[in-house]
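**Q** Contents of coords-v6.txt (compact mmCIF, C-alpha atoms and all ligand atoms):
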```
# COMPACT_ATOMS: atom_id res chain seq x y z
CA MET K 30 27.62 11.04 -63.65
CA ILE K 31 23.90 11.55 -64.27
CA LYS K 32 21.86 14.10 -62.38
CA LEU K 33 18.23 14.81 -63.10
CA ASP K 34 16.88 17.87 -61.36
CA HIS K 35 13.08 18.32 -61.34
CA ILE K 36 12.62 16.78 -64.78
CA SER K 37 9.12 16.72 -66.25
CA ARG K 38 7.94 15.45 -69.62
CA THR K 39 4.31 16.00 -70.54
CA PHE K 40 2.63 14.82 -73.71
CA LYS K 41 -0.36 16.58 -75.18
CA VAL K 42 -2.90 14.00 -76.31
CA GLY K 43 -5.94 15.75 -77.78
CA ASP K 44 -6.95 18.25 -75.09
CA GLU K 45 -5.34 16.26 -72.32
CA LEU K 46 -1.89 16.53 -70.78
CA VAL K 47 -0.30 13.18 -69.96
CA HIS K 48 2.55 13.18 -67.46
CA GLY K 49 5.24 10.88 -68.82
CA LEU K 50 7.64 12.14 -66.15
CA ASP K 51 6.49 14.24 -63.24
CA ASP K 52 9.17 16.12 -61.29
CA VAL K 53 11.81 13.41 -61.35
CA ASN K 54 15.09 13.74 -59.43
CA LEU K 55 17.82 11.17 -59.87
CA ASP K 56 21.54 10.73 -59.24
CA VAL K 57 23.51 7.94 -60.88
CA ASP K 58 27.23 7.45 -60.22
CA ALA K 59 29.61 6.33 -62.94
CA GLY K 60 29.79 2.53 -63.06
CA ALA K 61 26.41 2.04 -61.35
CA TYR K 62 23.97 -0.74 -62.23
CA PHE K 63 20.31 0.27 -61.80
CA SER K 64 17.12 -1.50 -62.69
CA ILE K 65 13.97 0.49 -63.40
CA MET K 66 10.66 -1.18 -62.59
CA GLY K 67 7.01 -0.22 -62.51
CA PRO K 68 3.67 -0.95 -64.17
CA SER K 69 3.05 -0.30 -67.85
CA GLY K 70 2.62 3.41 -68.51
CA SER K 71 4.50 4.48 -65.37
CA GLY K 72 7.17 6.39 -67.33
CA LYS K 73 10.05 3.90 -67.57
CA SER K 74 10.61 4.31 -71.31
CA THR K 75 10.14 8.06 -71.11
CA LEU K 76 12.82 8.19 -68.41
CA LEU K 77 15.22 6.13 -70.51
CA ASN K 78 14.48 8.22 -73.61
CA VAL K 79 15.22 11.44 -71.74
CA LEU K 80 18.43 9.96 -70.29
CA GLY K 81 19.41 8.81 -73.80
CA LEU K 82 18.70 12.23 -75.32
CA LEU K 83 16.11 10.64 -77.57
CA ASP K 84 13.48 12.87 -75.99
CA GLN K 85 13.45 16.36 -74.48
CA PRO K 86 11.98 17.20 -71.07
CA ASN K 87 9.61 20.16 -70.86
CA ASP K 88 11.06 21.20 -67.56
CA GLY K 89 14.09 20.65 -65.35
CA GLU K 90 17.78 20.08 -65.86
CA TYR K 91 19.74 17.04 -66.95
CA LEU K 92 23.43 17.06 -66.12
CA LEU K 93 25.59 14.42 -67.82
CA GLU K 94 29.17 14.31 -66.55
CA GLY K 95 28.58 17.76 -65.10
CA ARG K 96 27.39 19.28 -68.36
CA ASN K 97 23.87 20.63 -68.68
CA VAL K 98 22.71 18.75 -71.77
CA THR K 99 19.18 20.18 -71.73
CA GLU K 100 20.65 23.46 -72.99
CA LEU K 101 22.45 21.93 -75.98
CA SER K 102 21.30 22.31 -79.58
CA GLU K 103 19.94 19.28 -81.43
CA PRO K 104 23.24 18.58 -83.28
CA GLU K 105 25.21 18.96 -80.03
CA GLN K 106 22.86 16.50 -78.32
CA ALA K 107 23.28 14.10 -81.23
CA GLU K 108 27.03 14.24 -80.74
CA VAL K 109 26.74 13.52 -77.00
CA ARG K 110 24.37 10.65 -77.80
CA ARG K 111 26.80 9.21 -80.35
CA GLU K 112 29.84 9.49 -78.11
CA LYS K 113 28.48 8.64 -74.68
CA ILE K 114 25.29 6.65 -74.88
CA GLY K 115 24.38 3.14 -76.03
CA PHE K 116 20.76 2.04 -76.38
CA VAL K 117 19.26 -1.46 -76.45
CA PHE K 118 15.56 -2.03 -77.15
CA GLN K 119 13.13 -4.88 -76.55
CA SER K 120 12.65 -5.50 -80.28
CA PHE K 121 16.35 -5.25 -81.23
CA HIS K 122 15.90 -2.62 -84.00
CA LEU K 123 18.45 -4.21 -86.33
CA VAL K 124 18.53 -3.38 -90.04
CA PRO K 125 17.12 -6.55 -91.69
CA ARG K 126 19.13 -6.31 -94.93
CA LEU K 127 22.48 -5.93 -93.18
CA THR K 128 24.64 -8.67 -91.68
CA ALA K 129 25.48 -8.75 -87.99
CA ALA K 130 28.88 -7.17 -88.69
CA GLU K 131 27.32 -4.47 -90.88
CA ASN K 132 24.72 -3.67 -88.23
CA VAL K 133 27.45 -3.35 -85.61
CA ALA K 134 29.53 -1.15 -87.94
CA LEU K 135 26.69 1.35 -88.52
CA PRO K 136 27.40 3.76 -85.64
CA LEU K 137 31.07 3.89 -86.62
CA THR K 138 30.20 4.53 -90.25
CA LEU K 139 27.87 7.33 -89.17
CA ALA K 140 30.65 8.78 -87.00
CA GLY K 141 32.94 8.84 -90.04
CA ILE K 142 35.48 6.34 -88.67
CA ASP K 143 37.76 5.02 -91.43
CA HIS K 144 37.13 1.46 -92.52
CA GLU K 145 40.32 -0.08 -91.16
CA GLN K 146 39.70 1.13 -87.63
CA ARG K 147 36.02 0.34 -88.05
CA ASP K 148 36.68 -3.29 -88.99
CA GLU K 149 39.09 -3.65 -86.09
CA GLN K 150 36.55 -2.34 -83.56
CA VAL K 151 33.69 -4.37 -85.06
CA ASN K 152 35.71 -7.60 -85.03
CA LYS K 153 36.78 -7.03 -81.45
CA VAL K 154 33.28 -6.43 -80.12
CA LEU K 155 31.88 -9.36 -82.13
CA GLU K 156 34.55 -11.55 -80.58
CA ASP K 157 33.93 -10.18 -77.07
CA LEU K 158 30.24 -11.02 -77.41
CA GLY K 159 30.82 -14.46 -78.92
CA LEU K 160 29.43 -13.50 -82.32
CA THR K 161 32.40 -14.05 -84.62
CA ALA K 162 30.84 -17.15 -86.21
CA ARG K 163 27.64 -15.17 -86.86
CA ALA K 164 29.29 -12.05 -88.31
CA HIS K 165 27.95 -12.58 -91.83
CA HIS K 166 24.46 -13.71 -90.86
CA ARG K 167 21.49 -11.44 -91.39
CA PRO K 168 19.09 -10.89 -88.45
CA ASP K 169 16.54 -13.37 -89.90
CA GLN K 170 19.25 -16.04 -89.77
CA LEU K 171 19.81 -15.48 -86.04
CA SER K 172 17.92 -16.50 -82.89
CA GLY K 173 16.32 -13.84 -80.69
CA GLY K 174 19.15 -14.06 -78.18
CA GLN K 175 21.76 -13.70 -80.92
CA ARG K 176 19.91 -10.70 -82.37
CA GLN K 177 19.93 -9.00 -79.00
CA ARG K 178 23.64 -9.76 -78.68
CA VAL K 179 24.20 -8.06 -82.05
CA ALA K 180 22.14 -5.10 -80.85
CA ILE K 181 24.29 -4.90 -77.70
CA ALA K 182 27.45 -5.10 -79.82
CA ARG K 183 26.15 -2.21 -81.92
CA ALA K 184 25.34 -0.22 -78.77
CA VAL K 185 28.82 -0.62 -77.27
CA VAL K 186 31.07 -0.56 -80.36
CA THR K 187 31.50 3.18 -79.88
CA GLU K 188 32.58 2.59 -76.24
CA PRO K 189 29.83 4.65 -74.59
CA VAL K 190 29.97 5.54 -70.88
CA MET K 191 26.40 4.42 -70.32
CA LEU K 192 24.16 1.72 -71.65
CA LEU K 193 20.38 2.14 -71.49
CA ALA K 194 18.36 -1.02 -72.02
CA ASP K 195 14.56 -0.87 -72.36
CA GLU K 196 13.17 -4.33 -71.53
CA PRO K 197 16.08 -6.00 -73.36
CA THR K 198 14.84 -9.48 -72.44
CA GLY K 199 11.14 -8.78 -73.07
CA ASN K 200 11.05 -10.84 -76.27
CA LEU K 201 13.40 -13.61 -75.15
CA ASP K 202 13.02 -17.02 -73.52
CA HIS K 203 14.56 -17.65 -70.12
CA HIS K 204 17.83 -19.07 -71.41
CA SER K 205 18.44 -16.19 -73.87
CA SER K 206 17.39 -13.67 -71.22
CA MET K 207 20.05 -14.95 -68.83
CA ASP K 208 22.60 -14.83 -71.66
CA VAL K 209 21.74 -11.21 -72.42
CA ILE K 210 21.79 -10.22 -68.74
CA ASP K 211 25.19 -11.91 -68.30
CA ILE K 212 26.54 -9.85 -71.19
CA LEU K 213 25.10 -6.59 -69.86
CA GLU K 214 26.47 -7.31 -66.39
CA GLY K 215 29.87 -8.18 -67.84
CA LEU K 216 29.95 -4.80 -69.58
CA ASN K 217 29.01 -3.14 -66.28
CA LYS K 218 31.86 -4.95 -64.50
CA ASN K 219 34.17 -3.48 -67.12
CA GLY K 220 32.98 -0.02 -66.13
CA ILE K 221 29.95 0.93 -68.19
CA THR K 222 27.07 2.54 -66.31
CA LEU K 223 24.05 0.29 -66.82
CA LEU K 224 20.35 1.13 -66.53
CA VAL K 225 17.92 -1.66 -67.35
CA VAL K 226 14.13 -1.42 -67.53
CA THR K 227 12.58 -4.79 -66.72
CA HIS K 228 9.29 -6.35 -65.67
CA ASP K 229 11.10 -9.35 -64.24
CA GLU K 230 11.54 -9.10 -60.44
CA ASP K 231 14.38 -11.64 -60.49
CA LEU K 232 16.32 -9.63 -63.06
CA GLY K 233 15.45 -6.36 -61.33
CA ARG K 234 16.88 -7.65 -58.06
CA ARG K 235 20.25 -8.40 -59.66
CA ALA K 236 20.94 -4.67 -60.07
CA HIS K 237 22.76 -2.77 -57.33
CA ARG K 238 19.78 -0.48 -56.98
CA THR K 239 16.17 -0.56 -58.17
CA ILE K 240 14.17 2.51 -59.12
CA ARG K 241 10.42 2.01 -58.85
CA MET K 242 8.12 4.23 -60.89
CA MET K 243 4.43 5.05 -60.76
CA ASP K 244 2.48 7.69 -62.69
CA GLY K 245 5.63 9.39 -63.97
CA LYS K 246 7.23 9.62 -60.55
CA ILE K 247 10.04 7.73 -58.87
CA ILE K 248 8.32 6.27 -55.81
CA SER K 249 11.38 4.50 -54.40
CA SER K 250 15.02 4.11 -55.25
P1 LIG G 301 6.33 2.64 -69.56
O1 LIG G 301 7.57 2.53 -70.37
O2 LIG G 301 6.56 2.62 -68.07
O3 LIG G 301 5.29 1.63 -69.94
P2 LIG G 301 6.01 5.18 -70.93
O4 LIG G 301 7.19 5.94 -70.49
O5 LIG G 301 6.03 4.59 -72.28
O6 LIG G 301 5.66 4.07 -69.83
O7 LIG G 301 4.74 6.12 -70.83
C1 LIG G 301 4.44 6.94 -69.70
C2 LIG G 301 3.17 7.73 -69.97
O8 LIG G 301 3.40 8.67 -71.01
C3 LIG G 301 1.99 6.86 -70.43
O9 LIG G 301 0.81 7.39 -69.92
C4 LIG G 301 2.05 7.00 -71.93
O10 LIG G 301 0.79 6.81 -72.51
C5 LIG G 301 2.54 8.43 -72.12
N1 LIG G 301 3.33 8.60 -73.35
C6 LIG G 301 4.56 8.09 -73.61
N2 LIG G 301 5.00 8.47 -74.81
C7 LIG G 301 4.01 9.23 -75.36
C8 LIG G 301 3.86 9.93 -76.59
N3 LIG G 301 4.81 9.92 -77.52
N4 LIG G 301 2.71 10.58 -76.80
C9 LIG G 301 1.75 10.61 -75.85
N5 LIG G 301 1.83 9.99 -74.66
C10 LIG G 301 2.95 9.31 -74.41
MG MG G 302 8.09 1.14 -71.85
```
Can you turn what I pasted into structure tokens?
Ligand code: ADP
Ligand code: MG
**A**
Amino acid sequence: MIKLDHISRTFKVGDELVHGLDDVNLDVDAGAYFSIMGPSGSGKSTLLNVLGLLDQPNDGEYLLEGRNVTELSEPEQAEVRREKIGFVFQSFHLVPRLTAAENVALPLTLAGIDHEQRDEQVNKVLEDLGLTARAHHRPDQLSGGQRQRVAIARAVVTEPVMLLADEPTGNLDHHSSMDVIDILEGLNKNGITLLVVTHDEDLGRRAHRTIRMMDGKIISS
């Protein structure tokens, strides 16, 4: 489903070139569950950002479901991102003023879905993730684990084909981390392709395959 062919992403910092990704090749089948591990600065987030079309490589090709998405215009990429890709971050990135349900509804609102269908989809995903009783709570009225569950609900309400999670348990205690991992793995069992960046060897081992990165390169997979 995903194929990266000689992907590089360099950043210019002052006069220096930093290699975020250095000639990365990767194949991911639909329905796979990968963990991505490696020291800080090894390129894990850059890889996820490129896969999520949040960042552009300088070189190489990215095929998503057989389509070369590196060639698409910015609005076309935004559409692919909206339809196919869900993102979960370490620090949740919820809108503080909005309730859980309103946060989850955001991507559907942005996609112009009418409010009846929107409410139906939001209620279903809130129920699936055990958040119905928290629907009208704002993020500051929720625990870290509940916030991440809301963020996951928002990521999957559009029914993406892949879910990219960048250290989703990095700010959570052990109990909440296991809760979040259970939810992500449940989504994977239902068919979503799951890529999770983690520092935690125990969590990393749960994936079907682990990609190890160093200095912008995949050193084992
Ligand atoms: P990781 O997520 O594994 O900690 P990153 O992908 O964030 O690593 O970063 C990989 C390398 O690219 C690091 O050397 C980092 O400093 C550099 N980098 C990442 N993003 C930027 C950016 N926006 N500007 C400059 N350098 C960046
Ligand atoms: Mg990172």
**Q** Which of these residues is nearest to ligand LIG 301 (chain G), using only C-alpha atoms and all ligand atoms: K:Ile181, K:Ile247, K:Val47, K:Ala107?
**A**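 Of K:Ile181, K:Ile247, K:Val47, K:Ala107, the one nearest ligand LIG 301 (chain G), counting only C-alpha atoms and all ligand atoms, is K:Val47.
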**Q** Please, which residues have at least one atom within 12 Å of an atom of ligand MG 302 (chain G), using all atoms listed in the file, listed as a list in words?
**A** Gly49, Ile65, Met66, Gly67, Pro68, Ser69, Gly70, Ser71, Gly72, Lys73, Ser74, Thr75, Leu76, Leu77, Asn78, Phe118, Gln119, Ser120, Ala194, Asp195, Glu196, Pro197, Gly199, Val225, Val226, Thr227, His228, Met242 and Gly245 of chain K
**Q** Around (35.2, 12.4, -86.4) in the file's frame, which residues reach within 12 Å when counting all atoms listed in the file? Return as a PyMOL selection string?
**A** chain K and resi 108+111-112+136-143+187
**Q** Would you mind exporting the chosen residues as a CSV table (one decimal), keeping the file's coordinate frame, restricted to C-alpha atoms?
**A**
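New file result-v9.csv:
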```csv
chain,number,residue,atom,x,y,z
K,108,GLU,CA,27.0,14.2,-80.7
K,111,ARG,CA,26.8,9.2,-80.4
K,112,GLU,CA,29.8,9.5,-78.1
K,136,PRO,CA,27.4,3.8,-85.6
K,137,LEU,CA,31.1,3.9,-86.6
K,138,THR,CA,30.2,4.5,-90.2
K,139,LEU,CA,27.9,7.3,-89.2
K,140,ALA,CA,30.6,8.8,-87.0
K,141,GLY,CA,32.9,8.8,-90.0
K,142,ILE,CA,35.5,6.3,-88.7
K,143,ASP,CA,37.8,5.0,-91.4
K,187,THR,CA,31.5,3.2,-79.9
```
**Q** Take CA of Glu94 in chain K and CA of Gly220 in chain K and report the distance between them in Å, one decimal.
**A**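 Atom-to-atom, CA of Glu94 in chain K and CA of Gly220 in chain K are spaced 14.8 Å apart.
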**Q** At a cut-off of 8 Å, using only C-alpha atoms, what residues contact Arg178 in chain K? Leave out same-chain residues fewer than 3 positions from it and give the result as a VMD selection string.
**A** chain K and resid 158 160 174 to 175 181 to 182 209
**Q** Rank K:Ala162, K:Leu55, K:Met30, K:Leu80 by their smallest atom-to-atom distance to ligand LIG 301 (chain G), using all atoms listed in the file, and report the top residue only.
**A**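 Of K:Ala162, K:Leu55, K:Met30, K:Leu80, the one nearest ligand LIG 301 (chain G), counting all atoms listed in the file, is K:Leu80.
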**Q** Quick one: residues within 8 Å of Arg238 in chain K, only C-alpha atoms, excluding same-chain residues fewer than 2 positions away - as a PDB file with C-alpha atoms, in the coordinates of the input?
**A**
```
ATOM      1  CA  TYR K  62      23.970  -0.740 -62.230  1.00  0.00           C
ATOM      2  CA  PHE K  63      20.310   0.270 -61.800  1.00  0.00           C
ATOM      3  CA  SER K  64      17.120  -1.500 -62.690  1.00  0.00           C
ATOM      4  CA  ARG K 234      16.880  -7.650 -58.060  1.00  0.00           C
ATOM      5  CA  ALA K 236      20.940  -4.670 -60.070  1.00  0.00           C
ATOM      6  CA  ILE K 240      14.170   2.510 -59.120  1.00  0.00           C
ATOM      7  CA  SER K 250      15.020   4.110 -55.250  1.00  0.00           C
TER       8      SER K 250
END
```
**Q** Using only C-alpha atoms, find the one residue out of K:Gly173, K:Gly43, K:Gly95, K:Gly233 that sits nearest to His122 in chain K.
**A** K:Gly173
**Q** Out of K:Val109, K:Leu213, K:Leu101, K:Ala134, which residue has the shortest atom-to-atom distance to Glu149 in chain K when counting only C-alpha atoms?
**A**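 Ranked by minimum distance to Glu149 in chain K, first place goes to K:Ala134.
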